[in-house]
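One structure is given below, encoded as structure tokens.
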Protein chains: 2
Amino acid sequence: MQRPIVGILGGMGPAATADLYAKIIAATPATRDQDHLHVVIWADPTVPDRSTALLQGGEDPTPWLLRGAAQLVAMGASFIAVPCNTAHAFFPAIERTITVPLIHMMDETATAVECAHPSIERVGLLATTGTIASGLYQRWFAKHHIEVIAPNDDQQEQFVMSAIHRVKAGETGQGATNALAEAASFLVAHGAEALIAGCTELPLIFRDGDASVPVIDPTWILAEAVVRRARASQRAVGGR
Amino acid sequence: MQRPIVGILGGMGPAATADLYAKIIAATPATRDQDHLHVVIWADPTVPDRSTALLQGGEDPTPWLLRGAAQLVAMGASFIAVPCNTAHAFFPAIERTITVPLIHMMDETATAVECAHPSIERVGLLATTGTIASGLYQRWFAKHHIEVIAPNDDQQEQFVMSAIHRVKAGETGQGATNALAEAASFLVAHGAEALIAGCTELPLIFRDGDASVPVIDPTWILAEAVVRRARASQRAVGGR
């Protein structure tokens with residue numbers, strides 16, 4: 001019996017990769033080791049900064065992403081998940097060079113938000129400046145008729161990016177959460193009915209209950225999509 | 001500049017693998033993604049149960065371990081860590097077939113305990129029945145003149161193995177911790193001056209402070225050894 005192998009193209013950052021893996025484990029119905037999914041992880045933290053590449057013409061991370069994706073395919077990955085929102089801006093280049101599917105975090109998140117909150121019309125996006133500028137969340141949510149709003153430039157730099165850099169430096173304490181809460185309040189005051197923790201560092205410090213509206217965790221949604229897809233493919237090959 | 005790649009042969013179980021990866025990240029001095037180590041993980045949870053193989057002639061996990069180790073070497077791993085104590089009983093077979101070093105958790109733990117607690121003469125081992133029977137901890141600690149004692153058969157089955165199976169099934173609540181505390185009290189009553197959480201599932205539910213003597217976490221010690229080794233090899237190639 002051929003079981004699917006889940007590929008994780010990670011390291012952007014490492015803590016977010018560990019978080020996705022832990023959430024895949026938590027989302028898998030299992031009573032013993034052998035019930036869990038076979039996972040391979042390529043976590044290369046030397047991938048050049050995705051936001052800097054998108055916004056300031058910094059070094060292009062594409063060659064690093066292609067190398068990692070190719071390694072995962074060589075290891076037998078049936079499909080690949082990328083626990084970095086900003087890296088999704090480079091998906092078209094990856095998809096042109098590999099033969100296995102990528103699971104798209106924004107696509108999965110927009111669908112999951114519409115299913116869980118069918119009446120929602122506007123969400124607030126907490127994400128890197130690169131992700132916001134890429135328009136990824138805006139485009140995928142537009143398909144579901146949901147508007148995406150973001151902090152203004154000052155709030156973005158002062159509260160959101162500073163919180164993300166703190167998590168990447170290993171600071172996951174209340175200080176980072178408080179900084180993010182400032183930006184969150186701004187978004188809620190401007191009509192956000194839910195908040196997307198749209199950088200994989202953010203669910204580590206900002207969770208449902210930390211704001212007056214629901215906080216959506218795209219890493220958890222990605223983990224559930226991974227488990228669903230792997231189990232469907234196991235059923236398809238006659239496994240359980 | 002050639003940076004080292006850390007290989008993790010995991011999936012035994014998956015939560016323990018995620019725990020080692022998170023501890024490697026925590027043990028790495030870093031202020032941004034790019035300071036972290038390049039890690040590749042092969043997490044195949046279908047490896048046959050190691051204790052059953054050692055104790056009851058169950059299916060031999062060696063072919064699974066060799067396949068995973070070979071995949072990690074193919075991905076460029078400079079050395080390999082295995083976050084499963086019982087799997088260390090199969091290290092000689094792995095070492096015969098691959099060219100990169102394995103980091104030995106019992107070796108590292110025995111050295112770390114002697115350094116941190118130089119006057120200790122006896123430790124209590126909380127581990128799978130397979131790990132206890134393999135004599136791995138006993139042999140490595142004997143080199144440091146430290147005696148290793150284990151629970152009696154009833155305590156082992158009723159408290160330790162049941163706690164391990166609970167963690168593997170995703171139950172990390174107080175019930176599992178309490179079961180383990182029973183076995184821990186027995187070991188302390190028999191002279192254990194520290195306790196080894198010698199199954200990679202156990203540090204998830206039993207930590208320093210959960211017993212009247214220090215609780216040693218071999219997963220954390222392994223993570224520190226991984227970081228030390230990777231940084232030494234980066235210095236050796238002229239990196240930072």
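Each chain in the structure tokens gets a letter, A, B and so on, in the order shown; residues start at 1 in every chain, and ligands are counted from 1 in the order they appear.
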
Polymer residues at most 8 Å from Ala43 of chain A, only C-alpha atoms, same-chain spacing of 2 or more positions, as an mmCIF file with C-alpha atoms, in the first residue's frame:
```cif
data_model
loop_
_atom_site.group_PDB
_atom_site.id
_atom_site.type_symbol
_atom_site.label_atom_id
_atom_site.label_comp_id
_atom_site.auth_asym_id
_atom_site.auth_seq_id
_atom_site.Cartn_x
_atom_site.Cartn_y
_atom_site.Cartn_z
ATOM 1 C CA ILE A 8 6.588 20.805 4.020
ATOM 2 C CA LEU A 9 8.701 23.547 2.459
ATOM 3 C CA GLY A 10 9.606 25.438 5.605
ATOM 4 C CA GLY A 11 12.186 27.391 7.568
ATOM 5 C CA MET A 12 10.418 30.705 6.883
ATOM 6 C CA PRO A 14 11.568 27.795 11.684
ATOM 7 C CA THR A 17 7.339 25.340 10.480
ATOM 8 C CA ILE A 41 10.271 18.718 5.994
ATOM 9 C CA PRO A 45 16.067 29.348 6.975
ATOM 10 C CA HIS B 38 19.007 24.262 8.044
ATOM 11 C CA VAL B 39 17.010 21.217 9.124
ATOM 12 C CA VAL B 40 15.587 18.311 7.130
#
```

With 9 Å as the cut-off and only C-alpha atoms counted, what is the closest atom pair between each nearby residue of chain A and chain B? Distances in Å to one decimal, ordered by chain and number, as CSV.
```
residue,atom,partner,partner_atom,distance
A:Ile5,CA,B:Asp44,CA,8.7
A:Gly11,CA,B:Asp33,CA,7.3
A:Met12,CA,B:Asp33,CA,6.5
A:Gly13,CA,B:Asp33,CA,5.3
A:Pro14,CA,B:Ile25,CA,6.8
A:Ala15,CA,B:Ala22,CA,6.7
A:Ala18,CA,B:Ala22,CA,5.9
A:Asp19,CA,B:Ala18,CA,8.2
A:Tyr21,CA,B:Ala18,CA,6.4
A:Ala22,CA,B:Ala18,CA,5.9
A:Ile25,CA,B:Ala15,CA,6.8
A:Ala26,CA,B:Gly170,CA,7.2
A:Pro29,CA,B:Ala169,CA,8.6
A:Ala30,CA,B:Ala169,CA,5.8
A:Thr31,CA,B:Ala169,CA,3.9
A:Arg32,CA,B:Lys168,CA,5.3
A:Asp33,CA,B:Gly13,CA,5.3
A:Gln34,CA,B:Thr46,CA,4.6
A:Asp35,CA,B:Pro45,CA,7.4
A:His36,CA,B:Pro45,CA,5.9
A:Leu37,CA,B:Pro45,CA,6.7
A:His38,CA,B:Asp44,CA,4.6
A:Val39,CA,B:Ala43,CA,5.1
A:Val40,CA,B:Trp42,CA,4.7
A:Ile41,CA,B:Ile41,CA,4.8
A:Trp42,CA,B:Val40,CA,4.7
A:Ala43,CA,B:Val39,CA,5.1
A:Asp44,CA,B:His38,CA,4.6
A:Pro45,CA,B:Gln34,CA,5.0
A:Thr46,CA,B:Gln34,CA,4.6
A:Val47,CA,B:Gln34,CA,7.3
A:Pro48,CA,B:Gln34,CA,7.8
A:Asp49,CA,B:Asp33,CA,8.5
A:Gln71,CA,B:Met75,CA,6.7
A:Leu72,CA,B:Met75,CA,8.8
A:Ala74,CA,B:Met75,CA,8.7
A:Met75,CA,B:Gln71,CA,6.7
A:His165,CA,B:Arg32,CA,7.1
A:Arg166,CA,B:Thr31,CA,8.0
A:Val167,CA,B:Arg32,CA,8.8
A:Lys168,CA,B:Arg32,CA,5.3
A:Ala169,CA,B:Thr31,CA,3.9
A:Gly170,CA,B:Ala26,CA,7.2
```

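Compared by their closest atoms to Thr99 of chain B, and using only C-alpha atoms, the residues B:Leu66, B:Ile196, B:Leu180, B:Val215 rank with B:Leu66 nearest.
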
Could you give me chain B least-squares fitted onto chain A (all C-alpha atoms, paired in order), as a short mmCIF file (atom, residue, chain, number, x, y, z; two decimals) with C-alpha atoms, in the first residue's frame?
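Dumped to selection_18.cif:
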```cif
data_model
loop_
_atom_site.label_atom_id
_atom_site.label_comp_id
_atom_site.auth_asym_id
_atom_site.auth_seq_id
_atom_site.Cartn_x
_atom_site.Cartn_y
_atom_site.Cartn_z
CA MET B 1 0.04 0.01 0.02
CA GLN B 2 1.40 3.37 -1.06
CA ARG B 3 0.76 5.98 1.62
CA PRO B 4 0.92 9.65 0.70
CA ILE B 5 3.93 11.67 1.85
CA VAL B 6 3.26 15.23 3.00
CA GLY B 7 6.00 17.68 1.94
CA ILE B 8 6.58 20.82 4.00
CA LEU B 9 8.70 23.54 2.44
CA GLY B 10 9.61 25.44 5.60
CA GLY B 11 12.18 27.39 7.55
CA MET B 12 10.42 30.69 6.86
CA GLY B 13 10.62 30.95 9.82
CA PRO B 14 11.56 27.79 11.66
CA ALA B 15 9.12 28.31 14.57
CA ALA B 16 6.25 28.61 12.09
CA THR B 17 7.33 25.34 10.46
CA ALA B 18 7.38 23.55 13.83
CA ASP B 19 3.95 25.08 14.50
CA LEU B 20 2.48 23.71 11.24
CA TYR B 21 3.91 20.25 11.91
CA ALA B 22 2.49 20.24 15.46
CA LYS B 23 -0.91 21.35 14.09
CA ILE B 24 -0.87 18.58 11.44
CA ILE B 25 -0.26 16.07 14.26
CA ALA B 26 -3.07 17.61 16.35
CA ALA B 27 -5.46 17.57 13.36
CA THR B 28 -4.83 13.88 12.60
CA PRO B 29 -7.21 11.36 14.18
CA ALA B 30 -4.73 8.90 15.75
CA THR B 31 -4.37 6.57 18.69
CA ARG B 32 -0.83 5.37 17.92
CA ASP B 33 2.25 6.45 15.92
CA GLN B 34 1.29 4.39 12.88
CA ASP B 35 -2.01 6.30 12.41
CA HIS B 36 -0.11 9.53 11.73
CA LEU B 37 0.91 10.95 8.37
CA HIS B 38 4.30 10.46 6.78
CA VAL B 39 5.80 13.95 6.67
CA VAL B 40 9.04 15.25 5.15
CA ILE B 41 10.26 18.72 5.98
CA TRP B 42 12.83 20.85 4.20
CA ALA B 43 13.50 23.80 6.53
CA ASP B 44 16.09 26.08 4.99
CA PRO B 45 16.08 29.34 6.97
CA THR B 46 18.60 30.95 4.61
CA VAL B 47 15.87 31.70 2.05
CA PRO B 48 16.23 35.45 1.43
CA ASP B 49 13.57 37.60 3.10
CA ARG B 50 10.36 37.39 1.07
CA SER B 51 9.02 40.85 1.98
CA THR B 52 12.32 42.56 1.13
CA ALA B 53 12.31 40.86 -2.27
CA LEU B 54 8.74 41.92 -3.01
CA LEU B 55 9.00 45.50 -1.76
CA GLN B 56 12.59 46.65 -2.15
CA GLY B 57 14.03 44.52 -4.92
CA GLY B 58 15.98 42.39 -2.42
CA GLU B 59 17.51 39.05 -3.40
CA ASP B 60 14.98 36.79 -5.15
CA PRO B 61 14.08 33.80 -2.94
CA THR B 62 12.81 31.78 -5.94
CA PRO B 63 15.99 29.65 -6.43
CA TRP B 64 15.90 28.60 -2.74
CA LEU B 65 12.19 27.73 -2.98
CA LEU B 66 12.70 25.73 -6.19
CA ARG B 67 15.61 23.82 -4.63
CA GLY B 68 13.57 22.93 -1.55
CA ALA B 69 10.51 21.92 -3.57
CA ALA B 70 12.67 19.72 -5.82
CA GLN B 71 14.21 18.04 -2.75
CA LEU B 72 10.76 17.30 -1.34
CA VAL B 73 9.62 15.82 -4.65
CA ALA B 74 12.80 13.71 -4.71
CA MET B 75 11.89 12.45 -1.21
CA GLY B 76 8.54 11.32 -2.59
CA ALA B 77 6.27 14.18 -1.49
CA SER B 78 2.74 13.70 -2.86
CA PHE B 79 1.92 17.39 -2.35
CA ILE B 80 3.56 20.36 -0.65
CA ALA B 81 2.47 22.88 1.98
CA VAL B 82 4.43 26.08 2.61
CA PRO B 83 4.10 27.56 6.12
CA CYS B 84 4.95 31.11 5.04
CA ASN B 85 2.23 33.41 3.77
CA THR B 86 4.57 35.78 1.94
CA ALA B 87 6.24 32.88 0.09
CA HIS B 88 2.87 32.25 -1.61
CA ALA B 89 3.66 35.22 -3.85
CA PHE B 90 6.27 32.94 -5.47
CA PHE B 91 3.91 29.97 -6.01
CA PRO B 92 3.54 30.50 -9.80
CA ALA B 93 7.32 30.02 -10.27
CA ILE B 94 7.31 26.86 -8.12
CA GLU B 95 4.25 25.46 -9.86
CA ARG B 96 5.95 25.86 -13.24
CA THR B 97 8.83 23.58 -12.20
CA ILE B 98 7.36 20.78 -10.06
CA THR B 99 4.80 18.14 -10.84
CA VAL B 100 3.09 17.77 -7.46
CA PRO B 101 0.39 20.15 -6.20
CA LEU B 102 0.98 22.96 -3.71
CA ILE B 103 -1.72 23.53 -1.09
CA HIS B 104 -2.64 27.21 -1.18
CA MET B 105 -3.04 28.75 2.25
CA MET B 106 -5.03 31.82 1.11
CA ASP B 107 -7.38 29.71 -1.00
CA GLU B 108 -8.00 27.34 1.94
CA THR B 109 -8.37 30.22 4.40
CA ALA B 110 -10.87 32.16 2.29
CA THR B 111 -13.02 29.03 1.87
CA ALA B 112 -12.79 28.12 5.56
CA VAL B 113 -13.76 31.64 6.67
CA GLU B 114 -16.78 31.67 4.37
CA CYS B 115 -17.88 28.25 5.67
CA ALA B 116 -17.41 29.16 9.34
CA HIS B 117 -18.73 32.73 9.12
CA PRO B 118 -21.10 32.88 6.10
CA SER B 119 -22.35 36.40 6.87
CA ILE B 120 -18.93 38.04 7.09
CA GLU B 121 -18.33 40.93 4.67
CA ARG B 122 -15.01 42.37 5.87
CA VAL B 123 -11.91 40.92 7.51
CA GLY B 124 -8.78 42.60 8.85
CA LEU B 125 -5.40 41.33 7.70
CA LEU B 126 -2.46 41.08 10.08
CA ALA B 127 0.45 40.07 7.85
CA THR B 128 3.85 41.14 6.57
CA THR B 129 3.99 44.27 4.43
CA GLY B 130 5.05 41.95 1.59
CA THR B 131 1.96 39.76 1.93
CA ILE B 132 -0.32 42.82 2.03
CA ALA B 133 1.38 44.34 -1.03
CA SER B 134 1.16 41.03 -2.92
CA GLY B 135 -2.64 41.26 -2.80
CA LEU B 136 -2.89 37.51 -2.22
CA TYR B 137 -5.46 37.61 0.61
CA GLN B 138 -7.38 40.40 -1.10
CA ARG B 139 -7.73 38.37 -4.34
CA TRP B 140 -8.69 35.06 -2.73
CA PHE B 141 -11.21 36.66 -0.36
CA ALA B 142 -12.69 38.69 -3.21
CA LYS B 143 -13.74 35.39 -4.83
CA HIS B 144 -15.85 34.82 -1.71
CA HIS B 145 -17.13 38.43 -1.74
CA ILE B 146 -15.25 39.31 1.42
CA GLU B 147 -13.34 42.59 1.63
CA VAL B 148 -9.87 42.60 3.20
CA ILE B 149 -8.61 45.68 5.05
CA ALA B 150 -5.09 46.25 6.39
CA PRO B 151 -3.55 48.62 8.97
CA ASN B 152 -2.27 52.02 7.79
CA ASP B 153 1.45 52.29 7.07
CA ASP B 154 2.37 53.59 10.54
CA GLN B 155 0.44 50.88 12.40
CA GLN B 156 1.81 48.25 10.04
CA GLU B 157 5.43 49.18 10.71
CA GLN B 158 5.12 50.08 14.38
CA PHE B 159 2.92 47.22 15.55
CA VAL B 160 2.66 44.36 13.03
CA MET B 161 6.18 44.13 11.57
CA SER B 162 7.78 44.74 14.97
CA ALA B 163 5.71 41.86 16.45
CA ILE B 164 6.72 39.55 13.58
CA HIS B 165 10.41 40.37 14.02
CA ARG B 166 10.10 39.72 17.76
CA VAL B 167 8.69 36.23 17.15
CA LYS B 168 11.43 35.48 14.62
CA ALA B 169 13.94 36.46 17.34
CA GLY B 170 12.30 34.03 19.75
CA GLU B 171 10.31 36.59 21.79
CA THR B 172 6.81 35.20 22.12
CA GLY B 173 5.84 37.06 25.30
CA GLN B 174 3.02 39.49 26.07
CA GLY B 175 4.88 42.47 24.58
CA ALA B 176 4.51 41.17 21.03
CA THR B 177 0.86 40.24 21.66
CA ASN B 178 0.12 43.73 22.98
CA ALA B 179 1.72 45.38 19.94
CA LEU B 180 -0.46 43.30 17.69
CA ALA B 181 -3.57 44.08 19.73
CA GLU B 182 -3.08 47.77 18.86
CA ALA B 183 -3.22 47.04 15.15
CA ALA B 184 -6.14 44.66 15.71
CA SER B 185 -8.21 47.34 17.50
CA PHE B 186 -7.61 49.69 14.58
CA LEU B 187 -8.92 47.10 12.13
CA VAL B 188 -11.97 46.29 14.26
CA ALA B 189 -12.72 50.02 14.57
CA HIS B 190 -12.70 50.11 10.75
CA GLY B 191 -15.28 47.35 10.45
CA ALA B 192 -13.28 44.10 10.46
CA GLU B 193 -15.61 41.30 11.62
CA ALA B 194 -12.74 38.84 11.94
CA LEU B 195 -8.93 39.07 11.90
CA ILE B 196 -6.62 36.94 9.80
CA ALA B 197 -3.33 36.07 11.56
CA GLY B 198 -1.87 36.08 8.05
CA CYS B 199 1.82 35.62 8.82
CA THR B 200 2.81 32.19 10.12
CA GLU B 201 4.62 33.80 13.06
CA LEU B 202 1.44 35.49 14.29
CA PRO B 203 -0.62 32.50 15.49
CA LEU B 204 2.25 31.87 17.93
CA ILE B 205 1.39 35.09 19.79
CA PHE B 206 -2.15 36.05 18.73
CA ARG B 207 -5.03 33.62 19.05
CA ASP B 208 -8.79 33.47 19.10
CA GLY B 209 -9.79 35.32 22.26
CA ASP B 210 -7.02 37.93 21.96
CA ALA B 211 -9.37 40.34 20.12
CA SER B 212 -13.04 41.33 20.29
CA VAL B 213 -13.72 39.48 16.99
CA PRO B 214 -12.71 35.95 15.89
CA VAL B 215 -9.01 35.49 15.10
CA ILE B 216 -8.49 33.16 12.13
CA ASP B 217 -5.35 30.98 12.11
CA PRO B 218 -4.38 30.12 8.50
CA THR B 219 -1.69 27.71 9.78
CA TRP B 220 -4.38 25.62 11.47
CA ILE B 221 -6.55 25.80 8.33
CA LEU B 222 -3.53 24.68 6.25
CA ALA B 223 -2.91 21.79 8.68
CA GLU B 224 -6.53 20.66 8.36
CA ALA B 225 -6.30 20.88 4.56
CA VAL B 226 -3.11 18.77 4.61
CA VAL B 227 -4.77 16.07 6.73
CA ARG B 228 -7.94 16.08 4.60
CA ARG B 229 -5.96 15.75 1.39
CA ALA B 230 -3.67 13.00 2.72
CA ARG B 231 -6.58 10.97 4.05
CA ALA B 232 -8.49 11.33 0.79
CA SER B 233 -5.47 10.09 -1.14
CA GLN B 234 -5.04 7.16 1.31
CA ARG B 235 -8.67 6.19 0.73
CA ALA B 236 -8.11 6.47 -3.02
CA VAL B 237 -5.29 3.90 -2.90
CA GLY B 238 -7.32 1.58 -0.69
CA GLY B 239 -5.67 2.52 2.61
CA ARG B 240 -7.54 3.67 5.67
#
```

As a PyMOL selection string, please: every residue in segment 58-152 of chain B that DSSP puts in strand (DSSP E or B).
chain B and resi 79-81+102-103+122-126+147-149
